[in-house]
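Visitor: To start, I am sharing the structure in question, which I have written as structure tokens.
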Amino acid sequence: MPATIVVGTQWGDEGKGKFTDLIARDMNMVVRYQGGHNAGHTLVVDGQSFALQLVPSGVLYEHTTPVIGNGVVVDPRVLLAEIDMLTSKGVDCSRLKVSGNAHLIMPYHQQLDALHERHLGAAKLGTTKRGIGPTYADKAMRTGIRVQDLLDPKIFRQKLEVALQHHNKVLTKVFNRLPIDVDTVATEYLEECAPRVSGFIADTVALVHDNLESGGQVLFEGAQATFLDLDHGTYPFVTSSNPVAGGACVGAGIGPRDISRIIGIAKAYVTRVGAGPFPTELFDEVGDYLIDVGHEYGTNTGRRRRTGWFDAVMMRQAVRLNSLSEIALTKLDILDGLDTIKVCVAYEADGQTYEHIPYHQTVFHAAQPVYEELPGWRTDISAVTEPDGLPSAAAEYIAFLEDQIGVPIRLVGVGPGRTQFLDRAV
């Protein structure tokens, strides 16, 4: 089956949007399979920037159907604002489809998210406070409200009343906050959101399979990244869903045999937002350089990212967890100004050397990177479009990473623009 998955391989912010947009050029359908508007990416097309949070990248191509799958949690207010933004820039959003089985982020989810994070104090997780975690928690507790419920006001109101019976007790008795009014929320969602959202709601599982069975090309894109995965990431400093490639099966309703290609997106260095372990993190002038030159601030939150050297140990684990067929390497040009570049090839902890991530968090938190040093190229590569146009040191850096992780690096990003990349398979 001609299905492709694009997945982040680090802690997010790898530049998935750019290469998802590039690959979507040849797709009939692009499906987002998990997460919510806690993850954003920016596409630069003809000098115009598009900051997307929920709408899949394929919306920028007229021949592509963008789909928000059942595994996504949707704030309809954010979705409509994003549609309005795209429409104002001349993008046709009428092709967008939203799974009726996707769950709705409600106002109480966002309030509880912020209160829980504040309650954790020094042990806070670094959540974006967008209500993502509480929405997935309600989904698991079977008290969630789904997108399709917007089509039936009676059912929507019944589910809302049940949910608020519980959540208002928590808000008032635990956090000393005012209760949320059922009528206010029902009016906003049923009278303001539902009329506009209803035209996008569809049976997306059927749409995806009809397209695959007719020979169409479908791209599945995840939000966040491998090491923010709820099961396989650096728990508890993770997201509330499964960004790994296998999450596409659950979050979009496909089977493993439907998938033919899995592309891992990796930044030429590593960044992380919020708390959690980070073995290669830099606290020196190189770290500041990567932030300044790489513009390492969150698309949604504006938060300064933590930066570090490329971690091949993480990447080997990402290859295993996602069954990657290839890598797309982003932001290689950010390293242009460095004399020396380091790559973490192993960890040391408690007198042992680890070439794969240790399973126990105590060991991982104590892990110290073992580095190999490579020469920098001190050359502007932003205009390079062919592999043989790269400086020899840049080509050697890519080859070294390939040797370390055991998967070919095919696409290489050398700038933020849509055409600033090179294809090493050509």
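Please note that chains go A, B, ... in the order of the structure tokens, that every chain numbers its residues from 1, and that ligands are numbered from 1 in the order shown.
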Ala137 of chain A: which residues within 10 Å, counting only C-alpha atoms, same-chain residues fewer than 5 positions away excluded, as JSON, numbers by chain?

Guide: {"A": [109, 132, 142, 143, 144, 240]}

Visitor: Excluding same-chain residues fewer than 5 positions from Ser214 of chain A, what lies within 12 Å of it counting only C-alpha atoms, as a list in words?

Guide: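 Answer for this query is Met1, Pro2, Asn28, Leu207, Val208 and His209 of chain A.
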
Visitor: Find the spatial neighbours of segment 275-285 of chain A, counting only C-alpha atoms, within a cut-off of 12 Å - ignore same-chain residues fewer than 6 positions away - and output them as a count of residues only.

Guide: 53

Visitor: Just list as a PyMOL selection string whatever in segment 184-381 of chain A DSSP marks as strand (DSSP E).

Guide: chain A and resi 201-202+218-221+259-267+270-272+306-308+310-311+326-330+340-349+352-354+368-375

Visitor: Can you tell me which residues surround Asp403 of chain A at a distance of at most 12 Å, considering only C-alpha atoms, apart from same-chain residues fewer than 5 positions away, and format the answer as a PDB file with all heavy atoms, in the first residue's frame?

Guide:
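Listing of out-v4.pdb after writing:
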ATOM      1  N   ALA A 312      23.498  10.475  18.624  1.00  0.00           N
ATOM      2  CA  ALA A 312      23.324   9.262  17.816  1.00  0.00           C
ATOM      3  C   ALA A 312      22.734   8.118  18.628  1.00  0.00           C
ATOM      4  O   ALA A 312      22.120   7.209  18.065  1.00  0.00           O
ATOM      5  CB  ALA A 312      24.668   8.845  17.213  1.00  0.00           C
ATOM      6  N   MET A 315      19.110   8.521  18.307  1.00  0.00           N
ATOM      7  CA  MET A 315      18.672   8.216  16.948  1.00  0.00           C
ATOM      8  C   MET A 315      18.615   6.716  16.698  1.00  0.00           C
ATOM      9  O   MET A 315      17.741   6.235  15.975  1.00  0.00           O
ATOM     10  CB  MET A 315      19.580   8.892  15.937  1.00  0.00           C
ATOM     11  CG  MET A 315      19.289  10.373  15.735  1.00  0.00           C
ATOM     12  SD  MET A 315      17.590  10.681  15.201  1.00  0.00           S
ATOM     13  CE  MET A 315      17.540   9.681  13.718  1.00  0.00           C
ATOM     14  N   ARG A 316      19.549   5.965  17.263  1.00  0.00           N
ATOM     15  CA  ARG A 316      19.488   4.502  17.098  1.00  0.00           C
ATOM     16  C   ARG A 316      18.199   3.959  17.700  1.00  0.00           C
ATOM     17  O   ARG A 316      17.567   3.051  17.153  1.00  0.00           O
ATOM     18  CB  ARG A 316      20.700   3.842  17.759  1.00  0.00           C
ATOM     19  CG  ARG A 316      22.021   4.169  17.104  1.00  0.00           C
ATOM     20  CD  ARG A 316      23.181   3.432  17.778  1.00  0.00           C
ATOM     21  NE  ARG A 316      24.434   4.133  17.515  1.00  0.00           N
ATOM     22  CZ  ARG A 316      25.224   4.639  18.439  1.00  0.00           C
ATOM     23  NH1 ARG A 316      24.932   4.503  19.717  1.00  0.00           N
ATOM     24  NH2 ARG A 316      26.335   5.278  18.101  1.00  0.00           N
ATOM     25  N   VAL A 343      29.458  14.984  18.047  1.00  0.00           N
ATOM     26  CA  VAL A 343      28.356  14.033  17.940  1.00  0.00           C
ATOM     27  C   VAL A 343      28.467  13.053  19.096  1.00  0.00           C
ATOM     28  O   VAL A 343      29.536  12.471  19.333  1.00  0.00           O
ATOM     29  CB  VAL A 343      28.399  13.253  16.599  1.00  0.00           C
ATOM     30  CG1 VAL A 343      27.287  12.207  16.561  1.00  0.00           C
ATOM     31  CG2 VAL A 343      28.277  14.210  15.413  1.00  0.00           C
ATOM     32  N   VAL A 345      28.163   9.615  20.585  1.00  0.00           N
ATOM     33  CA  VAL A 345      28.133   8.272  20.009  1.00  0.00           C
ATOM     34  C   VAL A 345      27.819   7.201  21.052  1.00  0.00           C
ATOM     35  O   VAL A 345      27.554   6.047  20.713  1.00  0.00           O
ATOM     36  CB  VAL A 345      29.463   7.941  19.315  1.00  0.00           C
ATOM     37  CG1 VAL A 345      29.689   8.906  18.142  1.00  0.00           C
ATOM     38  CG2 VAL A 345      30.625   8.002  20.298  1.00  0.00           C
ATOM     39  N   GLU A 396      31.056  14.917   5.005  1.00  0.00           N
ATOM     40  CA  GLU A 396      31.605  13.930   5.935  1.00  0.00           C
ATOM     41  C   GLU A 396      30.786  13.858   7.225  1.00  0.00           C
ATOM     42  O   GLU A 396      30.636  12.790   7.817  1.00  0.00           O
ATOM     43  CB  GLU A 396      33.058  14.282   6.245  1.00  0.00           C
ATOM     44  CG  GLU A 396      33.995  14.028   5.062  1.00  0.00           C
ATOM     45  CD  GLU A 396      35.356  14.688   5.237  1.00  0.00           C
ATOM     46  OE1 GLU A 396      35.610  15.214   6.351  1.00  0.00           O
ATOM     47  OE2 GLU A 396      36.150  14.688   4.276  1.00  0.00           O
ATOM     48  N   TYR A 397      30.246  14.989   7.653  1.00  0.00           N
ATOM     49  CA  TYR A 397      29.386  15.002   8.840  1.00  0.00           C
ATOM     50  C   TYR A 397      28.140  14.145   8.598  1.00  0.00           C
ATOM     51  O   TYR A 397      27.759  13.314   9.431  1.00  0.00           O
ATOM     52  CB  TYR A 397      28.987  16.442   9.166  1.00  0.00           C
ATOM     53  CG  TYR A 397      28.067  16.583  10.362  1.00  0.00           C
ATOM     54  CD1 TYR A 397      28.513  16.322  11.653  1.00  0.00           C
ATOM     55  CD2 TYR A 397      26.750  16.991  10.203  1.00  0.00           C
ATOM     56  CE1 TYR A 397      27.673  16.457  12.751  1.00  0.00           C
ATOM     57  CE2 TYR A 397      25.899  17.136  11.294  1.00  0.00           C
ATOM     58  CZ  TYR A 397      26.368  16.858  12.562  1.00  0.00           C
ATOM     59  OH  TYR A 397      25.533  16.985  13.642  1.00  0.00           O
ATOM     60  N   ILE A 398      27.520  14.319   7.441  1.00  0.00           N
ATOM     61  CA  ILE A 398      26.329  13.535   7.098  1.00  0.00           C
ATOM     62  C   ILE A 398      26.680  12.054   7.028  1.00  0.00           C
ATOM     63  O   ILE A 398      25.949  11.199   7.554  1.00  0.00           O
ATOM     64  CB  ILE A 398      25.736  14.019   5.761  1.00  0.00           C
ATOM     65  CG1 ILE A 398      25.241  15.461   5.890  1.00  0.00           C
ATOM     66  CG2 ILE A 398      24.593  13.101   5.320  1.00  0.00           C
ATOM     67  CD1 ILE A 398      24.841  16.091   4.572  1.00  0.00           C
ATOM     68  N   PRO A 408      19.946   5.503   5.915  1.00  0.00           N
ATOM     69  CA  PRO A 408      20.387   6.545   4.983  1.00  0.00           C
ATOM     70  C   PRO A 408      19.733   7.897   5.260  1.00  0.00           C
ATOM     71  O   PRO A 408      18.554   7.976   5.603  1.00  0.00           O
ATOM     72  CB  PRO A 408      19.965   6.003   3.615  1.00  0.00           C
ATOM     73  CG  PRO A 408      18.893   5.002   3.900  1.00  0.00           C
ATOM     74  CD  PRO A 408      19.235   4.404   5.225  1.00  0.00           C
ATOM     75  N   ILE A 409      20.534   8.943   5.124  1.00  0.00           N
ATOM     76  CA  ILE A 409      20.018  10.300   5.190  1.00  0.00           C
ATOM     77  C   ILE A 409      19.798  10.751   3.759  1.00  0.00           C
ATOM     78  O   ILE A 409      20.742  10.971   3.005  1.00  0.00           O
ATOM     79  CB  ILE A 409      21.008  11.242   5.914  1.00  0.00           C
ATOM     80  CG1 ILE A 409      21.154  10.813   7.376  1.00  0.00           C
ATOM     81  CG2 ILE A 409      20.532  12.691   5.823  1.00  0.00           C
ATOM     82  CD1 ILE A 409      22.219  11.577   8.142  1.00  0.00           C
TER      83      ILE A 409
END

Visitor: What lies within 7 Å of Thr65 of chain A using only C-alpha atoms, ignoring chain neighbours under 6 positions off, as a ChimeraX atom specification?

Guide: /A:28-30,58-59,95-96

Visitor: Counting only C-alpha atoms, which residues of segment 120-226 of chain A fall within 6 Å of segment 243-253 of chain A, and what is the closest atom pair for each with its distance in Å at one decimal, ordered by chain and rising number, as a tab-separated table?

Guide:
residue	atom	partner	partner_atom	distance
A:Val205	CA	A:Gly253	CA	5.5
A:Gly222	CA	A:Pro243	CA	5.4
A:Ala225	CA	A:Pro243	CA	5.5
A:Thr226	CA	A:Val244	CA	5.2

Visitor: From a backbone DSSP assignment, name each residue in segment 161-275 of chain A labelled helix (DSSP H, G or I), as a PyMOL selection string.

Guide: chain A and resi 161-174+182-200+204-213+226-228+247-252+256-258

Visitor: With only C-alpha atoms as the basis for distance, which of A:Ser241, A:Gly274, A:Leu332, A:Lys97 is at the shortest distance from Gly199 of chain A?

Guide: A:Lys97

Visitor: List the spatial neighbours of Gly389 of chain A as a list in words - criterion: any atom at most 12 Å away, only C-alpha atoms, same-chain residues fewer than 6 positions off excluded.

Guide: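 What passes the distance filter is Thr379, Asp380, Ile381, Ser382, Ala383, Ala395, Val414, Phe421, Leu422, Asp423 and Arg424 of chain A.
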